[in-house]
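Some notes on the structure that comes next.
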Amino acid sequence: MKRLILMALIGLGLFGRLFAGEGMWIPMLLKQLNEKEMQAMGMRITADDIYSLNHSSLKDAIVLFGRGCTGEIVSDQGLLLTNHHCGFGQIQKHSSVEHDYLTNGFWAMNRAEELPNPGLTVTMLVKMEDVTQAVLGGLDPGLTEAQRAAKIAENIKILVDLAKKETDLDVSVRAFYHGNQYFMIFNQIFKDIRLVGAPPSNIGKFGGDTDNWMWPRHTGDFSVFRIYVGKDGKPAEYHPDNVPYKPAYHLPVSLKGVTEGDFTFVFGYPARTNEYLPSDAIRLIAEASNPQKIKLRETRLAIFKKYSANDSRVRIQYADKDAGVANGWKKMIGESKGIRRLDGVGRKQDFEARFEKWAESNAETREKYAGLLNAFKTNYKEIEKYTLAADYITECGLGIELIRFASQFRPMVDEANKAAQDTKKIKEFAEKLQSATAAFFKDYYQPIDYEVANALMLIYLDQQPENFRPDFVNEVQQKFKGDVKKWSDYLFGKSVFLSPEKIKSLLEEANPKKIKSLTKDPAYQYYVSLANFYETQVRKPMQALTASNDSLQRLYMQAQMEMNPEKRFYPDANFTLRVAYGKVEGFSPADAVYYEYYTSLKGIMEKENPLVYDYVVEPKLKELYQQHDFGEYADASGELRVAFAASNHTTGGNSGSPVLNADGQMVGLNFDRCWEGTMSDLMYDPQMSRNITVDIRYVLFIMDKFAGARHLVDEMTIVR
Ligand code: ARG
Ligand code: GLU
């Protein structure tokens with residue numbers, strides 16, 4: 001019946017009119033749910049060209065880059081594109097004052113110059129299968145929620161174990177639609193990923209945190225990597241003899257560009273959305289948690305800024321940390337604003353009123369769903385205080401780098417404290433911590449952390465009630481008479497975690513007795529106090545509430561689908577491969593303002609300001625601009641375009657995703673969203689929600705004309 005109505009609606013062409021860019025769809029289900037509409041919007045390829053198990057398809061070129069971004073393969077030699085901000089951590093790790101790749105960029109002019117990145121992986125979906133029946137079928141309806149969850153976990157384990165017997169792929173089972181559907185995912189994981197190229201930050205991060213999340217945008221946000229495999233063609237750990245990966249498919253790259261109204265789609269790994277929450281949850285996020293976190297982050301950012309402004313060493317050290325903190329900070333501001341503007345809470349409440357009416361309308365739905373919203377309400381009311389306390393733990397307690405560093409030693413110190421210590425285990429922990437320690441000290445500037453600790457502690461004391469704080473916070477009042485400076489002088493004066501030599505020799509020696517002595521270190525003790533508070537006062541008491549909310553959300557999802565049988569529902573993002581599609585289009589962010597859909601190099605020159613770090617233009621780029629030397633990368637009017645806006649529904653994790661045209665050719669890399677639409681993680685707005693893409697022609701222009709790395713362009717399949 002559901003199918004029939006769906007077909008009828010598609011037949012009537014209703015979707016064409018109703019469609020507004022919202023949705024992140026499962027590649028395997030495109031044929032069934034989206035293909036007709038995508039083609040009606042202009043797509044000239046088929047769902048089968050995008051995802052197929054019978055022949056190579058676009059999906060063979062899409063990867064999860066690291067743990068948080070998307071990348072795509074663009075040559076038969078495993079060449080991979082992602083964003084500059086996705087490769088930022090790697091670029092930064094290879095950088096020093098002598099080799100400042102962040103500032104100057106990096107270009108391997110041959111394979112031998114490509115730089116390995118231990119720990120970095122790239123994950124490729126091989127196939128997925130619907131296993132809902134095997135996971136949920138035969139569950140006794142009389143089970144309690146806890147029993148049900150245990151049974152599901154057991155079913156999943158059986159399925160995974162069975163599958164693993166027949167494949168050396170990575171196998172997992174993931175929940176969709178909040179536990180109403182399950183898919184088994186087969187992945188290939190590559191482990192030798194080398195850095196090939198990155199533009200200078202003045203290009204890759206042009207506009208910096210000032211322009212971040214905003215349109216009009218002029219960021220050349222890309223970096224280049226290459227996947228290497230063993231000589232047998234299989235994924236392997238780094239080895240100098242490894243060879244470039246030969247993919248089943250690589251994306252053709254189009255120089256034709258896009259114009260307003262063009263169909264586009266984004267193929268990648270969106271991390272998390274929450275489109276089906278009740279109003280109480282939206283209120284908690286947008287009106288309580290976000291504002292509090294925003295304030296706490298502002299404190300840290302101001303201190304980073306103060307010290308980075310005049311010290312280039314510190315600026316490099318804190319570049320990655322600053323970008324991370326600032327990014328979330330600005331996103332939360334945009335999200336809360338957007339929800340307010342949409343009256344998101346009110347809208348959800350209106351829907352809930354209709355929902356209740358529907359639920360009450362017959363005995364069956366009443367039995368299943370009456371009381372659901374009230375149960376949510378009670379839960380969220382209680383959850384609020386735990387959520388806010390947890391925010392303090394992560395943003396405030398762990399905002400102090402020294403404490404975060406000490407936290408990494410916990411498993412080793414715990415082992416050393418055991419009556420029957422396993423010295424081999426301790427050695428292993430110590431070895432692993434050696435690289436973490438080197439990384440920590442490379443980018444640690446104590447005066448920043450000291451000031452951050454003072455500032456955050458003052459807020460902690462002021463804002464969190466005495467009976468709901470970790471012990472070490474209360475200690476400031478008890479032991480140090482409320483004198484925060486005395487407290488921080490004690491912490492920073494005493495902690496051995498601040499001495500690179502001592503920590504290094506401790507790890508080299510791996511002497512259990514000496515490791516045990518860390519238990520008394522103030523930084524370590526504060527971490528333990530923070531962790532204990534979280535465990536006993538937050539996580540444990542909240543556990544039952546979260547579990548209850550999870551099951552309510554599962555029911556609520558099911559109910560929303562039942563209530564609107566003719567509507568197509570997409571599952572919330574869960575870091576699995578998805579397709580979003582929409583049109584190239586500008587938007588009106590505010591009364592009397594309209595934003596065009598694309599930006600160009602001219603705009604970079606307009607923004608140029610040699611005195612403002614975010615707006616410094618590379619001399620070479622300026623030269624190319626003045627000479628109008630854009631080669632084949634210019635548009636029909638001779639302009640060099642930099643970025644464009646479109647209504648593809650994306651979120652964090654979609655960074656680095658290819659943006660493709662009607663023929664499935666790459667026209668750009670997704671890297672951001674427009675600020676006015678960032679509440680799309682909770683509520684999509686067709687008027688305001690736009691993804692931001694760096695035009696592939698700008699990317700190739702930078703490689704070729706700016707960096708002189710034409711060989712990389714030549715490696716790709718270019719559609720002219
Ligand atoms: N806002 C983009 C994303 O969410 C880009 C972040 C990196 N850029 C920056 N200026 N911090 O990841
Ligand atoms: N920059 C984001 C990322 O790293 C993508 C922007 C968004 O959240 O849409 O994934």
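Chain lettering (A, B, ...) mirrors the order of the structure tokens, residue numbering begins at 1 for each chain separately, and ligand numbering begins at 1 in order of display.
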Compute the set of protein, DNA and RNA residues whose minimum atom distance to ligand 2 is at most 8 Å, using only C-alpha atoms and all ligand atoms, and state it as a ChimeraX atom specification. /A:68-70,85-86,213,270-271,331,650-656,670-673,678,691-692
Can you list, as a PyMOL selection string, all residues belonging to range 98-295 of chain A that DSSP tags as helix (DSSP H, G or I)? chain A and resi 101-104+111-113+132-136+145-164+177-179+201-204+208-211+279-295
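Closest approach to ligand 1 among A:Asp60, A:Asp100, A:Asp322, A:Glu260: A:Asp322, based on only C-alpha atoms and all ligand atoms.
Proximity to Ile333 in chain A was assessed for A:Arg410, A:Lys191, A:Arg297, A:Lys486 counting only C-alpha atoms; the smallest distance is recorded for A:Arg297.
Among the candidate residues A:Asn83, A:Gln478, A:Thr576, A:Gln39, the one lying nearest to ligand 1 is A:Asn83, with distances computed using only C-alpha atoms and all ligand atoms.
With distances restricted to only C-alpha atoms and all ligand atoms, A:Trp329 is the closest residue to ligand 1 from A:Tyr182, A:Trp329, A:Phe176, A:Phe263.
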Nearby residues (only C-alpha atoms) at most 8 Å from Val345 in chain A, same-chain spacing under 6 positions excluded, as a ChimeraX atom specification: /A:279-280,282-283,339
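Taking only C-alpha atoms and all ligand atoms into account, ligand 1 lies nearest to A:Lys321 out of the set A:Lys357, A:Lys59, A:Lys321, A:Lys381.
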Point out the residue among A:Arg111, A:Lys93, A:Arg148, A:Lys516 with the least atom-to-atom distance to Asp414 in chain A, counting only C-alpha atoms. A:Lys516
What residues in range 16-238 of chain A get the DSSP label strand (DSSP E)? Please answer as a PyMOL selection string. chain A and resi 62-65+69-73+79-82+106-107+115-116+122-130+170-176+181-190+192-198+223-229
Contacts of range 627-643 of chain A at 10 Å (only C-alpha atoms; same-chain gap of 5+ positions) as number ranges by chain: A: 215-221, 255-258, 597-604, 621-622, 668-671, 692-702, 704-706, 720
I want to know what sits within 10 Å of Glu145 in chain A, based on only C-alpha atoms, with residues of the same chain fewer than 4 positions away left out; could you give that as a compact mmCIF listing (two decimals) with C-alpha atoms, in the first residue's frame?
# COMPACT_ATOMS: atom_id res chain seq x y z
CA PRO A 141 7.17 -8.11 22.40
CA ALA A 149 18.64 -4.24 23.70
CA ALA A 150 20.63 -7.22 24.98
CA LYS A 151 18.89 -9.56 22.57
CA ALA A 547 18.05 4.40 27.44
CA SER A 548 14.43 5.33 27.91
CA ASP A 550 16.38 5.91 22.91
CA SER A 551 13.44 3.57 22.98
Tell me, as JSON, numbers by chain, which residues lie within 12 Å of Asn155 in chain A, counting only C-alpha atoms; anything in the same chain fewer than 6 positions away does not count. {"A": [131, 132, 133, 134, 135, 136, 137, 138, 139, 148, 149, 161, 162, 173, 182]}
With range 443-463 of chain A as the partner and 8 Å as the cut-off, tabulate the residues of range 313-349 of chain A that qualify, each row holding the nearest pair of atoms and their distance in Å to one decimal, using only C-alpha atoms, sorted by chain and rising number, as CSV.
residue,atom,partner,partner_atom,distance
A:Val314,CA,A:Tyr445,CA,6.9
A:Ile316,CA,A:Asp443,CA,7.9
A:Gln317,CA,A:Asp443,CA,4.4
A:Tyr318,CA,A:Asp443,CA,6.6
Hey, what's within 10 Å of Ala436 in chain A if we count only C-alpha atoms and toss same-chain stuff fewer than 6 positions away? As a PyMOL selection string, please? chain A and resi 405+408+430+442
Quick one: write out the picked residues with all heavy atoms as a short mmCIF file (atom, residue, chain, number, x, y, z; two decimals), in the first residue's frame?
data_model
loop_
_atom_site.label_atom_id
_atom_site.label_comp_id
_atom_site.auth_asym_id
_atom_site.auth_seq_id
_atom_site.Cartn_x
_atom_site.Cartn_y
_atom_site.Cartn_z
N PHE A 405 45.73 15.85 28.97
CA PHE A 405 46.93 15.06 28.73
C PHE A 405 47.06 13.97 29.79
O PHE A 405 47.28 12.79 29.48
CB PHE A 405 48.15 15.98 28.72
CG PHE A 405 49.47 15.29 28.51
CD1 PHE A 405 49.62 14.34 27.50
CD2 PHE A 405 50.56 15.59 29.32
CE1 PHE A 405 50.84 13.71 27.30
CE2 PHE A 405 51.79 14.95 29.12
CZ PHE A 405 51.93 14.01 28.12
N GLN A 408 45.15 10.67 29.46
CA GLN A 408 45.60 9.59 28.58
C GLN A 408 46.41 8.52 29.32
O GLN A 408 46.59 7.42 28.83
CB GLN A 408 46.47 10.17 27.45
CG GLN A 408 45.72 11.15 26.58
CD GLN A 408 46.57 11.57 25.38
OE1 GLN A 408 47.24 10.76 24.75
NE2 GLN A 408 46.56 12.85 25.06
N ALA A 430 53.05 2.26 27.86
CA ALA A 430 54.10 3.29 27.90
C ALA A 430 54.61 3.59 26.49
O ALA A 430 54.83 4.74 26.13
CB ALA A 430 55.24 2.84 28.81
N LYS A 442 54.92 19.04 21.49
CA LYS A 442 55.20 19.80 20.27
C LYS A 442 54.25 21.00 20.17
O LYS A 442 54.63 22.07 19.76
CB LYS A 442 55.02 18.88 19.06
CG LYS A 442 55.19 19.59 17.72
CD LYS A 442 55.16 18.60 16.56
CE LYS A 442 55.26 19.31 15.21
NZ LYS A 442 54.05 20.05 14.85
#
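Picture a line from CA of Phe106 in chain A to CA of Gln626 in chain A; it runs 24.0 Å.
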What is the CA of Pro470 in chain A to CA of Lys377 in chain A distance in Å? 27.8 Å
Take atom 6 (C, counted along the ligand's line) of ligand 1 and CA of Phe206 in chain A and report the distance between them in Å, one decimal. 11.3 Å
